[in-house]
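Trainee: Got a file for you: structure.cif, mmCIF, C-alpha atoms and all ligand atoms.
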data_target
loop_
_atom_site.label_atom_id
_atom_site.label_comp_id
_atom_site.auth_asym_id
_atom_site.auth_seq_id
_atom_site.Cartn_x
_atom_site.Cartn_y
_atom_site.Cartn_z
CA MET A 1 0.00 0.00 0.00
CA LYS A 2 1.49 3.30 -1.11
CA VAL A 3 0.76 5.76 1.71
CA ALA A 4 1.16 9.54 1.66
CA ALA A 5 1.75 10.84 5.19
CA ILE A 6 0.91 14.36 6.32
CA VAL A 7 2.34 15.54 9.64
CA GLY A 8 0.56 18.51 11.18
CA SER A 9 3.59 19.73 13.11
CA ILE A 10 6.52 21.15 11.19
CA ARG A 11 8.96 21.50 14.09
CA GLN A 12 12.20 19.55 13.92
CA GLU A 13 11.65 17.43 17.03
CA SER A 14 7.94 16.85 16.50
CA PHE A 15 6.64 13.77 18.33
CA ASN A 16 4.09 13.36 15.55
CA GLY A 17 6.84 13.47 12.94
CA LYS A 18 8.83 10.88 14.90
CA LEU A 19 5.74 8.72 15.25
CA VAL A 20 5.29 8.63 11.48
CA GLU A 21 8.98 7.78 11.01
CA TYR A 22 8.57 4.98 13.54
CA MET A 23 5.56 3.69 11.59
CA GLN A 24 7.50 3.99 8.33
CA ASP A 25 10.03 1.57 9.73
CA ARG A 26 7.83 -0.77 11.76
CA TYR A 27 5.15 -1.32 9.12
CA SER A 28 7.35 -1.26 6.02
CA ASP A 29 6.07 -4.71 4.98
CA ILE A 30 2.49 -3.35 4.86
CA MET A 31 2.84 0.34 4.04
CA ASP A 32 5.31 2.22 1.90
CA ILE A 33 5.07 5.61 3.66
CA ASP A 34 6.12 8.77 1.88
CA ILE A 35 6.14 11.81 4.21
CA LEU A 36 4.94 14.91 2.36
CA ASP A 37 6.48 18.27 3.21
CA ILE A 38 3.77 20.82 3.95
CA ARG A 39 6.05 23.47 5.50
CA ASP A 40 6.35 25.59 2.37
CA LEU A 41 2.79 25.39 1.09
CA PRO A 42 1.55 28.96 0.63
CA HIS A 43 -1.61 30.13 2.34
CA TYR A 44 -4.61 28.72 0.54
CA ASP A 45 -5.99 31.41 -1.78
CA GLN A 46 -9.13 30.85 -3.83
CA ASP A 47 -7.81 33.28 -6.45
CA GLU A 48 -4.85 30.97 -7.00
CA GLU A 49 -6.48 27.56 -6.85
CA SER A 50 -6.96 27.09 -10.60
CA ASN A 51 -3.43 28.17 -11.29
CA ALA A 52 -1.69 26.99 -8.15
CA PRO A 53 2.09 27.16 -7.74
CA ASP A 54 3.95 24.02 -8.87
CA TYR A 55 4.77 23.14 -5.27
CA VAL A 56 1.06 23.00 -4.43
CA LYS A 57 0.28 20.97 -7.55
CA GLU A 58 3.00 18.48 -6.66
CA TYR A 59 1.73 18.14 -3.08
CA LYS A 60 -1.84 17.62 -4.31
CA ARG A 61 -0.72 15.06 -6.88
CA SER A 62 1.18 13.09 -4.21
CA VAL A 63 -2.00 12.76 -2.18
CA ARG A 64 -4.11 11.88 -5.22
CA GLU A 65 -1.73 9.22 -6.49
CA ALA A 66 -1.28 7.49 -3.13
CA ASP A 67 -3.35 4.40 -2.33
CA ALA A 68 -4.05 5.74 1.15
CA VAL A 69 -3.26 8.65 3.45
CA LEU A 70 -1.92 8.74 7.01
CA ILE A 71 -2.40 11.96 8.98
CA ALA A 72 -0.51 12.57 12.22
CA THR A 73 -1.96 15.52 14.05
CA PRO A 74 -0.78 17.50 17.04
CA GLU A 75 -3.39 19.34 19.09
CA TYR A 76 -3.13 23.11 19.08
CA ASN A 77 -5.62 24.90 21.31
CA GLY A 78 -8.15 22.14 21.07
CA SER A 79 -7.94 21.66 17.31
CA ILE A 80 -5.59 20.77 14.47
CA SER A 81 -2.69 23.07 13.59
CA GLY A 82 -3.04 25.89 11.08
CA VAL A 83 -0.47 24.34 8.73
CA LEU A 84 -2.45 21.11 8.58
CA LYS A 85 -5.75 22.90 7.95
CA ASN A 86 -4.08 24.96 5.24
CA ALA A 87 -2.77 21.85 3.50
CA LEU A 88 -6.19 20.16 3.69
CA ASP A 89 -7.91 23.26 2.29
CA TRP A 90 -5.67 22.99 -0.79
CA ASN A 91 -6.64 19.31 -1.06
CA SER A 92 -10.34 20.12 -0.88
CA ARG A 93 -10.49 22.05 -4.12
CA VAL A 94 -9.99 21.54 -7.88
CA ASP A 95 -9.07 17.83 -7.99
CA TYR A 96 -10.61 16.77 -4.66
CA ASP A 97 -7.52 14.81 -3.75
CA PHE A 98 -9.03 12.96 -0.78
CA ALA A 99 -12.25 11.79 -2.47
CA GLY A 100 -12.70 8.12 -1.56
CA LYS A 101 -9.17 7.92 -0.18
CA PRO A 102 -8.70 5.43 2.68
CA THR A 103 -7.34 7.57 5.50
CA MET A 104 -5.89 6.69 8.89
CA LEU A 105 -5.44 9.16 11.74
CA VAL A 106 -2.93 9.19 14.58
CA GLY A 107 -2.02 11.89 17.04
CA ALA A 108 0.38 12.48 19.91
CA SER A 109 0.36 15.15 22.58
CA LEU A 110 2.00 15.89 25.90
CA GLY A 111 -1.34 16.09 27.69
CA GLY A 112 -3.34 13.07 28.81
CA LEU A 113 -6.05 13.14 26.16
CA GLY A 114 -3.77 12.53 23.19
CA THR A 115 -5.25 14.96 20.61
CA VAL A 116 -8.84 13.77 21.02
CA LYS A 117 -10.26 17.25 20.34
CA ALA A 118 -8.02 17.75 17.32
CA GLN A 119 -8.98 14.36 15.90
CA MET A 120 -12.69 15.03 16.35
CA HIS A 121 -12.28 18.22 14.33
CA LEU A 122 -10.14 16.39 11.81
CA ARG A 123 -12.80 13.73 11.23
CA GLN A 124 -15.35 16.48 10.70
CA ILE A 125 -13.09 18.27 8.20
CA LEU A 126 -12.39 15.05 6.30
CA SER A 127 -16.12 14.46 5.86
CA ALA A 128 -16.72 17.85 4.19
CA PRO A 129 -17.98 17.50 0.60
CA GLY A 130 -14.71 18.76 -0.86
CA MET A 131 -12.79 16.16 1.11
CA SER A 132 -15.01 13.02 1.22
CA ALA A 133 -12.17 10.91 2.59
CA LYS A 134 -12.86 7.33 3.66
CA VAL A 135 -11.62 7.57 7.22
CA LEU A 136 -11.03 4.33 9.13
CA PRO A 137 -13.92 4.26 11.62
CA GLY A 138 -13.09 4.01 15.32
CA ASN A 139 -9.52 2.87 15.97
CA GLU A 140 -8.58 6.19 17.54
CA VAL A 141 -4.83 6.37 18.03
CA LEU A 142 -4.67 8.96 20.80
CA ILE A 143 -1.18 8.96 22.29
CA GLY A 144 -1.23 11.12 25.42
CA ALA A 145 1.88 11.84 27.53
CA VAL A 146 3.90 10.90 24.46
CA HIS A 147 7.14 12.14 26.04
CA GLU A 148 6.84 9.21 28.48
CA LYS A 149 6.15 6.68 25.72
CA MET A 150 8.85 7.46 23.19
CA ASP A 151 12.64 7.39 23.52
CA GLU A 152 15.06 9.99 22.15
CA ASP A 153 15.38 8.13 18.86
CA GLY A 154 11.64 8.31 18.30
CA ASN A 155 10.91 4.67 19.12
CA LEU A 156 7.72 3.95 21.01
CA THR A 157 8.61 2.29 24.31
CA ASP A 158 5.14 1.71 25.75
CA GLN A 159 4.10 -1.84 24.91
CA GLY A 160 0.37 -1.15 25.24
CA THR A 161 0.64 1.68 22.72
CA ILE A 162 2.70 -0.45 20.32
CA ASP A 163 0.20 -3.35 20.50
CA PHE A 164 -2.72 -0.99 19.92
CA LEU A 165 -1.00 0.63 16.95
CA ASP A 166 -0.18 -2.80 15.47
CA ASN A 167 -3.88 -3.68 15.67
CA VAL A 168 -5.02 -0.42 14.13
CA VAL A 169 -2.59 -0.78 11.22
CA ALA A 170 -3.86 -4.33 10.63
CA GLU A 171 -7.43 -2.96 10.69
CA PHE A 172 -6.45 -0.24 8.26
CA GLU A 173 -4.97 -2.77 5.87
CA ARG A 174 -8.25 -4.74 5.90
CA PHE A 175 -10.22 -1.50 5.46
CA TYR A 176 -8.03 -0.54 2.50
CA GLN A 177 -8.51 -3.94 0.82
CA GLU A 178 -12.29 -3.78 1.35
CA THR A 179 -12.46 -0.25 -0.03
CA ARG A 180 -10.50 -1.34 -3.07
CA ALA A 181 -12.71 -4.40 -3.62
CA VAL A 182 -15.84 -2.22 -3.48
CA ALA A 183 -14.29 0.29 -5.91
CA ASN A 184 -13.42 -2.54 -8.33
CA ARG A 185 -16.99 -3.90 -8.24
CA ALA A 186 -18.45 -0.46 -9.03
C1 LIG B 201 -0.04 22.90 22.36
N1 LIG B 201 -0.16 21.71 23.07
C2 LIG B 201 -1.42 21.21 23.35
N2 LIG B 201 -1.58 19.93 23.84
C3 LIG B 201 -2.82 19.44 24.07
O1 LIG B 201 -2.96 18.28 24.49
N3 LIG B 201 -3.93 20.19 23.81
C4 LIG B 201 -3.86 21.46 23.30
O2 LIG B 201 -4.86 22.09 23.05
C5 LIG B 201 -2.56 22.00 23.07
N4 LIG B 201 -2.41 23.27 22.56
C6 LIG B 201 -1.18 23.69 22.10
C7 LIG B 201 -1.07 24.86 21.37
C8 LIG B 201 0.14 25.23 20.83
C9 LIG B 201 0.23 26.46 19.98
C10 LIG B 201 1.30 24.45 21.07
C11 LIG B 201 2.64 24.83 20.48
C12 LIG B 201 1.21 23.30 21.82
C13 LIG B 201 1.03 20.91 23.44
C14 LIG B 201 1.32 19.89 22.35
O3 LIG B 201 0.67 18.69 22.66
C15 LIG B 201 2.84 19.62 22.30
O4 LIG B 201 3.53 20.84 22.01
C16 LIG B 201 3.19 18.56 21.27
O5 LIG B 201 4.53 18.22 21.44
C17 LIG B 201 2.92 19.07 19.84
O6 LIG B 201 3.14 18.05 18.90
P1 LIG B 201 4.53 17.87 18.15
O7 LIG B 201 5.00 19.21 17.67
O8 LIG B 201 5.50 17.30 19.17
O9 LIG B 201 4.25 16.90 17.06
#
Give the structure from the file, written as structure tokens.
Ligand code: FNR

Mentor:
Amino acid sequence: MKVAAIVGSIRQESFNGKLVEYMQDRYSDIMDIDILDIRDLPHYDQDEESNAPDYVKEYKRSVREADAVLIATPEYNGSISGVLKNALDWNSRVDYDFAGKPTMLVGASLGGLGTVKAQMHLRQILSAPGMSAKVLPGNEVLIGAVHEKMDEDGNLTDQGTIDFLDNVVAEFERFYQETRAVANRA
């Protein structure tokens, strides 16, 4: 499964970024994860959407051409980050890059609730008509107190979290195959 990953935090030491790198390594036999760089996407501008800069077009194409999408979100003030929302707004127009795309969500935060508010907003955003992503139901990967569950190299150290993530990835693989089978029948 060719997976485009979008990380909603652009800081160097992002736990969410490290989590996706960890997944890239751990699940390499299931998912070939390509991490997209959203740092330099310009602000979404409706005046520009039909003639978007090449960088935007390339980002959008990477999402469109992937079999599936993985989004790792931080929680900023009870929601997703501005950079992530900006990237998704670009995706929601012109080619509707997420339409029907199997999508898996993960999130890590320092607080105990592990991005639950951000992920609720994210699910709502991904169901907007311009998005219409096929988000894996349930299977909420909410990693709270992440600084206590990950070592300096970005490896998860909490066995319960690792086991849960293994299960969710297996679920996502099944979900992806089902989605593909339905699309082929149509
Ligand atoms: C935060 N943080 C945070 N955490 C949380 O659980 N709920 C929240 O609403 C917020 N709000 C928030 C706003 C802003 C602007 C920042 C910078 C941080 C803390 C957040 O979980 C922590 O910084 C994570 O480390 C962010 O994820 P990355 O950058 O490590 O991936």

Trainee: Between atom CA of A:Ser92 and atom CA of A:Val20, measure the distance and give it in Å to one decimal.

Mentor: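 Spanning atom CA of A:Ser92 to atom CA of A:Val20 is a straight-line distance of 23.0 Å.
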
Trainee: For A:Arg61, work out the shell of residues within 12 Å, counting only C-alpha atoms and skipping chain neighbours fewer than 2 positions away, then give it as an mmCIF file with C-alpha atoms, keeping the file's coordinate frame.

Mentor:
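Wrote part_38.cif, looks like this:
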data_model
loop_
_atom_site.group_PDB
_atom_site.id
_atom_site.type_symbol
_atom_site.label_atom_id
_atom_site.label_comp_id
_atom_site.auth_asym_id
_atom_site.auth_seq_id
_atom_site.Cartn_x
_atom_site.Cartn_y
_atom_site.Cartn_z
ATOM 1 C CA ALA A 4 1.160 9.540 1.660
ATOM 2 C CA LEU A 36 4.940 14.910 2.360
ATOM 3 C CA ASP A 54 3.950 24.020 -8.870
ATOM 4 C CA TYR A 55 4.770 23.140 -5.270
ATOM 5 C CA VAL A 56 1.060 23.000 -4.430
ATOM 6 C CA LYS A 57 0.280 20.970 -7.550
ATOM 7 C CA GLU A 58 3.000 18.480 -6.660
ATOM 8 C CA TYR A 59 1.730 18.140 -3.080
ATOM 9 C CA VAL A 63 -2.000 12.760 -2.180
ATOM 10 C CA ARG A 64 -4.110 11.880 -5.220
ATOM 11 C CA GLU A 65 -1.730 9.220 -6.490
ATOM 12 C CA ALA A 66 -1.280 7.490 -3.130
ATOM 13 C CA ASP A 67 -3.350 4.400 -2.330
ATOM 14 C CA TRP A 90 -5.670 22.990 -0.790
ATOM 15 C CA ASN A 91 -6.640 19.310 -1.060
ATOM 16 C CA VAL A 94 -9.990 21.540 -7.880
ATOM 17 C CA ASP A 95 -9.070 17.830 -7.990
ATOM 18 C CA TYR A 96 -10.610 16.770 -4.660
ATOM 19 C CA ASP A 97 -7.520 14.810 -3.750
ATOM 20 C CA PHE A 98 -9.030 12.960 -0.780
#

Trainee: From the list A:Val168, A:Met150, A:Leu41, A:Val116, which residue is nearest A:Pro53 when using only C-alpha atoms?

Mentor: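 Checking each of A:Val168, A:Met150, A:Leu41, A:Val116 against A:Pro53, counting only C-alpha atoms, the winner is A:Leu41.
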
Trainee: Please indicate the distance in Å from atom CA of A:Met131 to atom CA of A:Ala108, rounded to one decimal place.

Mentor: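 Distance between the two atoms: 23.2 Å.
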
Trainee: Just want the residues within 8 Å of ligand LIG 201 (chain B), written as a VMD selection string, counting only C-alpha atoms and all ligand atoms.

Mentor: chain A and resid 7 to 11 13 to 18 73 to 79 81 108 to 115 117 to 118 144 146

Trainee: Compare A:Arg180, A:Lys2, A:His121, A:Arg174 by their minimum atom-to-atom distance to A:Asp34, counting all atoms listed in the file, and give me the closest one.

Mentor: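 Closest to A:Asp34, using all atoms listed in the file: A:Lys2.
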
Trainee: Show me, as a list of chain:residue names, the residues that have an atom within 7 Å of A:Ile71 when counting all atoms listed in the file, minus same-chain residues fewer than 5 positions from it.

Mentor: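 Contacts, with the query itself left out: A:Ala5, A:Ile6, A:Val7, A:Met104, A:Leu105, A:Val106.
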
Trainee: Output file request: stretch 79-162 of chain A, with C-alpha atoms, as a PDB file, in the first residue's frame.

Mentor:
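The result, written out as result-v4.pdb:
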ATOM      1  CA  SER A  79      -7.940  21.657  17.314  1.00  0.00           C
ATOM      2  CA  ILE A  80      -5.591  20.774  14.471  1.00  0.00           C
ATOM      3  CA  SER A  81      -2.692  23.072  13.589  1.00  0.00           C
ATOM      4  CA  GLY A  82      -3.035  25.893  11.082  1.00  0.00           C
ATOM      5  CA  VAL A  83      -0.467  24.342   8.731  1.00  0.00           C
ATOM      6  CA  LEU A  84      -2.448  21.112   8.579  1.00  0.00           C
ATOM      7  CA  LYS A  85      -5.749  22.896   7.946  1.00  0.00           C
ATOM      8  CA  ASN A  86      -4.078  24.962   5.242  1.00  0.00           C
ATOM      9  CA  ALA A  87      -2.768  21.846   3.501  1.00  0.00           C
ATOM     10  CA  LEU A  88      -6.188  20.163   3.688  1.00  0.00           C
ATOM     11  CA  ASP A  89      -7.912  23.256   2.285  1.00  0.00           C
ATOM     12  CA  TRP A  90      -5.673  22.994  -0.793  1.00  0.00           C
ATOM     13  CA  ASN A  91      -6.635  19.306  -1.064  1.00  0.00           C
ATOM     14  CA  SER A  92     -10.341  20.122  -0.878  1.00  0.00           C
ATOM     15  CA  ARG A  93     -10.494  22.052  -4.121  1.00  0.00           C
ATOM     16  CA  VAL A  94      -9.992  21.539  -7.876  1.00  0.00           C
ATOM     17  CA  ASP A  95      -9.069  17.828  -7.991  1.00  0.00           C
ATOM     18  CA  TYR A  96     -10.614  16.774  -4.659  1.00  0.00           C
ATOM     19  CA  ASP A  97      -7.516  14.814  -3.751  1.00  0.00           C
ATOM     20  CA  PHE A  98      -9.033  12.958  -0.784  1.00  0.00           C
ATOM     21  CA  ALA A  99     -12.251  11.787  -2.472  1.00  0.00           C
ATOM     22  CA  GLY A 100     -12.700   8.118  -1.560  1.00  0.00           C
ATOM     23  CA  LYS A 101      -9.167   7.915  -0.181  1.00  0.00           C
ATOM     24  CA  PRO A 102      -8.703   5.430   2.678  1.00  0.00           C
ATOM     25  CA  THR A 103      -7.337   7.571   5.501  1.00  0.00           C
ATOM     26  CA  MET A 104      -5.893   6.688   8.886  1.00  0.00           C
ATOM     27  CA  LEU A 105      -5.436   9.159  11.739  1.00  0.00           C
ATOM     28  CA  VAL A 106      -2.928   9.194  14.576  1.00  0.00           C
ATOM     29  CA  GLY A 107      -2.024  11.894  17.041  1.00  0.00           C
ATOM     30  CA  ALA A 108       0.378  12.483  19.908  1.00  0.00           C
ATOM     31  CA  SER A 109       0.359  15.150  22.584  1.00  0.00           C
ATOM     32  CA  LEU A 110       1.996  15.886  25.899  1.00  0.00           C
ATOM     33  CA  GLY A 111      -1.342  16.086  27.687  1.00  0.00           C
ATOM     34  CA  GLY A 112      -3.341  13.065  28.810  1.00  0.00           C
ATOM     35  CA  LEU A 113      -6.055  13.141  26.163  1.00  0.00           C
ATOM     36  CA  GLY A 114      -3.772  12.526  23.190  1.00  0.00           C
ATOM     37  CA  THR A 115      -5.249  14.958  20.612  1.00  0.00           C
ATOM     38  CA  VAL A 116      -8.841  13.771  21.024  1.00  0.00           C
ATOM     39  CA  LYS A 117     -10.258  17.245  20.340  1.00  0.00           C
ATOM     40  CA  ALA A 118      -8.025  17.746  17.320  1.00  0.00           C
ATOM     41  CA  GLN A 119      -8.984  14.363  15.905  1.00  0.00           C
ATOM     42  CA  MET A 120     -12.693  15.029  16.349  1.00  0.00           C
ATOM     43  CA  HIS A 121     -12.282  18.217  14.333  1.00  0.00           C
ATOM     44  CA  LEU A 122     -10.138  16.389  11.809  1.00  0.00           C
ATOM     45  CA  ARG A 123     -12.799  13.726  11.227  1.00  0.00           C
ATOM     46  CA  GLN A 124     -15.355  16.483  10.700  1.00  0.00           C
ATOM     47  CA  ILE A 125     -13.085  18.269   8.204  1.00  0.00           C
ATOM     48  CA  LEU A 126     -12.385  15.053   6.297  1.00  0.00           C
ATOM     49  CA  SER A 127     -16.123  14.462   5.865  1.00  0.00           C
ATOM     50  CA  ALA A 128     -16.723  17.853   4.194  1.00  0.00           C
ATOM     51  CA  PRO A 129     -17.985  17.505   0.596  1.00  0.00           C
ATOM     52  CA  GLY A 130     -14.711  18.758  -0.862  1.00  0.00           C
ATOM     53  CA  MET A 131     -12.789  16.155   1.112  1.00  0.00           C
ATOM     54  CA  SER A 132     -15.008  13.023   1.220  1.00  0.00           C
ATOM     55  CA  ALA A 133     -12.173  10.910   2.594  1.00  0.00           C
ATOM     56  CA  LYS A 134     -12.856   7.326   3.662  1.00  0.00           C
ATOM     57  CA  VAL A 135     -11.621   7.571   7.221  1.00  0.00           C
ATOM     58  CA  LEU A 136     -11.030   4.329   9.128  1.00  0.00           C
ATOM     59  CA  PRO A 137     -13.922   4.262  11.616  1.00  0.00           C
ATOM     60  CA  GLY A 138     -13.088   4.006  15.322  1.00  0.00           C
ATOM     61  CA  ASN A 139      -9.521   2.870  15.973  1.00  0.00           C
ATOM     62  CA  GLU A 140      -8.578   6.187  17.539  1.00  0.00           C
ATOM     63  CA  VAL A 141      -4.827   6.370  18.027  1.00  0.00           C
ATOM     64  CA  LEU A 142      -4.667   8.956  20.796  1.00  0.00           C
ATOM     65  CA  ILE A 143      -1.178   8.956  22.292  1.00  0.00           C
ATOM     66  CA  GLY A 144      -1.229  11.119  25.425  1.00  0.00           C
ATOM     67  CA  ALA A 145       1.879  11.841  27.526  1.00  0.00           C
ATOM     68  CA  VAL A 146       3.899  10.902  24.462  1.00  0.00           C
ATOM     69  CA  HIS A 147       7.142  12.145  26.042  1.00  0.00           C
ATOM     70  CA  GLU A 148       6.843   9.215  28.477  1.00  0.00           C
ATOM     71  CA  LYS A 149       6.146   6.683  25.719  1.00  0.00           C
ATOM     72  CA  MET A 150       8.855   7.462  23.187  1.00  0.00           C
ATOM     73  CA  ASP A 151      12.643   7.390  23.517  1.00  0.00           C
ATOM     74  CA  GLU A 152      15.065   9.989  22.150  1.00  0.00           C
ATOM     75  CA  ASP A 153      15.381   8.131  18.863  1.00  0.00           C
ATOM     76  CA  GLY A 154      11.642   8.311  18.300  1.00  0.00           C
ATOM     77  CA  ASN A 155      10.915   4.673  19.124  1.00  0.00           C
ATOM     78  CA  LEU A 156       7.720   3.949  21.007  1.00  0.00           C
ATOM     79  CA  THR A 157       8.606   2.288  24.307  1.00  0.00           C
ATOM     80  CA  ASP A 158       5.137   1.710  25.751  1.00  0.00           C
ATOM     81  CA  GLN A 159       4.096  -1.845  24.908  1.00  0.00           C
ATOM     82  CA  GLY A 160       0.374  -1.147  25.242  1.00  0.00           C
ATOM     83  CA  THR A 161       0.641   1.681  22.724  1.00  0.00           C
ATOM     84  CA  ILE A 162       2.700  -0.454  20.321  1.00  0.00           C
TER      85      ILE A 162
END
